[in-house]
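K.L.:
Structure in structure tokens, see below.
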Amino acid sequence: MRGLVIRPAEARDRAAIRELVTEAFGQPAEAGLVDALVADNDVVLELVATHEGEIVGHVLFSRLFVEDEAGRFAAVALAPIAVQPRRQKTRVGSTLIENAHMLLKDRGETLSIVLGDPAYYGRFGYAHDRAAGFASDYQCEALQALALGEAPAIGRLVYAPAFSGL
Ligand SMILES: CC(C)(COP(=O)(O)OP(=O)(O)OC[C@H]1O[C@@H](n2cnc3c(N)ncnc32)[C@H](O)[C@@H]1OP(=O)(O)O)[C@@H](O)C(=O)NCCC(=O)NCCS
């Protein structure tokens with residue numbers, strides 16, 4: 001979409017983000033998750049897409065740990081992502097994810113995990129094969145991982161506490 005601007009979410013965006021995420025999912029649960037992750041300080045990266053000043057897309061990456069006997073490895077979880085219904089399928093979601101991956105890599109993040117449709121996330125490099133070795137209550141074909149650098153392929157995934165409220 002022409003005129004799309006991607007920028008970090010700011011404190012003044014909270015109400016607009018809540019409205020957008022609720023509208024995109026058709027229910028308030030995911031917007032509640034966003035608020036809880038922010039309140040808990042578990043956000044690693046939160047971006048919004050704006051068009052003529054209006055927020056039309058949002059993505060959040062929260063801290064997730066891969067734990068084993070040796071310790072824990074810091075990774076990120078992509079969730080949720082939302083695009084205003086009338087702007088969907090115009091690459092807003094793709095632009096948000098591609099920008100986020102560049103920023104995360106620049107910051108030294110090496111592993112991103114997502115639970116979602118492989119037909120969508122596969123296009124960004126996420127693969128179930130890369131996540132198949134992780135122990136998780138969410139383990140299934142929809143659990144996918146993207147390595148942005150050196151990262152473990154086994155261990156238990158520990159999501160931010162806000163996810164247990166979903
Ligand atoms: C999923 C979502 C974020 C995608 O954002 P978007 O801006 O519409 O997607 P893009 O324009 O970047 O990509 C569009 C492509 O992805 C496909 N796509 C969109 N949503 C998809 C989905 N849920 N599953 C599979 N493919 C999907 C489209 O068919 C299109 O494919 P094409 O390029 O082959 O035509 C958006 O549709 C949305 O907000 N959905 C409601 C909330 C939601 O389900 N979030 C994800 C939870 S895991």
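Residue numbering restarts at 1 for every chain of the structure tokens, chains are lettered A, B, ... in their displayed order, and ligands are numbered from 1 as they appear.
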According to DSSP computed on the backbone, where in range 23-112 of chain A is there strand (DSSP E)? Give the residues as JSON, numbers by chain.

P.N.:
{"A": [43, 44, 45, 46, 47, 48, 49, 50, 51, 54, 55, 56, 57, 58, 59, 60, 61, 62, 63, 64, 65, 66, 67, 68, 71, 72, 73, 74, 75, 76, 77, 78, 79, 80, 81, 82, 83, 111, 112]}

K.L.:
Report as a tab-separated table: every residue of range 53-77 of chain A with an atom at most 12 Å from range 129-146 of chain A, its closest pair of atoms, and their distance in Å to one decimal, counting only C-alpha atoms, with rows sorted by chain and ascending residue number.

P.N.:
```
residue	atom	partner	partner_atom	distance
A:Leu64	CA	A:Ser136	CA	11.7
A:Phe65	CA	A:Phe134	CA	11.1
A:Val66	CA	A:Phe134	CA	8.1
A:Glu67	CA	A:Ala135	CA	9.4
A:Asp68	CA	A:Ala135	CA	10.0
A:Ala75	CA	A:Ala145	CA	10.2
A:Val76	CA	A:Ala145	CA	9.8
A:Ala77	CA	A:Ala145	CA	9.1
```

K.L.:
Kindly assemble as a tab-separated table a list of the chain A residues that lie within 10 Å of ligand 1, each paired with its nearest atom pair and their distance in Å to one decimal, using only C-alpha atoms and all ligand atoms, sorted first by chain and then by ascending residue number.

P.N.:
```
residue	atom	partner	partner_atom_place_in_ligand_line	distance
A:Met1	CA	ligand 1	11 (O)	9.2
A:Leu20	CA	ligand 1	39 (O)	8.9
A:Val21	CA	ligand 1	42 (C)	7.5
A:Thr22	CA	ligand 1	42 (C)	8.9
A:Glu23	CA	ligand 1	41 (C)	8.4
A:Ala24	CA	ligand 1	41 (C)	4.6
A:Phe25	CA	ligand 1	42 (C)	4.8
A:Gly26	CA	ligand 1	41 (C)	8.2
A:Glu30	CA	ligand 1	42 (C)	9.0
A:Val56	CA	ligand 1	7 (O)	9.3
A:Gly57	CA	ligand 1	39 (O)	7.5
A:His58	CA	ligand 1	3 (C)	8.3
A:Val59	CA	ligand 1	3 (C)	8.3
A:Leu78	CA	ligand 1	48 (S)	8.6
A:Ala79	CA	ligand 1	48 (S)	6.9
A:Pro80	CA	ligand 1	47 (C)	6.0
A:Ile81	CA	ligand 1	45 (N)	5.0
A:Ala82	CA	ligand 1	39 (O)	3.4
A:Val83	CA	ligand 1	39 (O)	3.7
A:Gln84	CA	ligand 1	39 (O)	6.2
A:Pro85	CA	ligand 1	39 (O)	6.6
A:Arg86	CA	ligand 1	8 (O)	8.9
A:Arg87	CA	ligand 1	7 (O)	6.7
A:Gln88	CA	ligand 1	8 (O)	3.3
A:Lys89	CA	ligand 1	11 (O)	3.1
A:Thr90	CA	ligand 1	11 (O)	4.0
A:Arg91	CA	ligand 1	11 (O)	3.1
A:Val92	CA	ligand 1	7 (O)	3.9
A:Gly93	CA	ligand 1	7 (O)	3.5
A:Ser94	CA	ligand 1	12 (O)	3.5
A:Thr95	CA	ligand 1	12 (O)	6.5
A:Leu96	CA	ligand 1	12 (O)	8.1
A:Ile97	CA	ligand 1	12 (O)	8.3
A:Glu98	CA	ligand 1	12 (O)	9.6
A:Val114	CA	ligand 1	48 (S)	7.7
A:Leu115	CA	ligand 1	48 (S)	6.3
A:Gly116	CA	ligand 1	48 (S)	4.3
A:Asp117	CA	ligand 1	24 (N)	5.2
A:Pro118	CA	ligand 1	25 (C)	7.2
A:Ala119	CA	ligand 1	25 (C)	5.0
A:Tyr120	CA	ligand 1	26 (N)	4.2
A:Tyr121	CA	ligand 1	25 (C)	7.8
A:Gly122	CA	ligand 1	25 (C)	9.4
A:Arg123	CA	ligand 1	16 (O)	8.6
A:Ala142	CA	ligand 1	48 (S)	9.3
```

K.L.:
Hey, what's within 10 Å of Val43 in chain A if we count only C-alpha atoms and toss same-chain stuff fewer than 4 positions away? As a list in words, please?

P.N.:
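Once the adjacent positions are removed, what remains is Val34, Ala36, Leu37, Val38, Ala39, Leu60, Phe61, Ser62, Arg63, Leu64, Val76, Ala77 and Ala160 of chain A.
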
K.L.:
List every residue of chain A that DSSP, applied to the backbone of this structure, assigns to alpha helix (DSSP H), and report them as a PyMOL selection string.

P.N.:
chain A and resi 14-25+29-39+92-106+118-121+128-131

K.L.:
Quick check, in Å to one decimal: how far apart do CA of Gly3 in chain A and CA of Leu103 in chain A lie?

P.N.:
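For CA of Gly3 in chain A relative to CA of Leu103 in chain A, the distance reads 20.4 Å.
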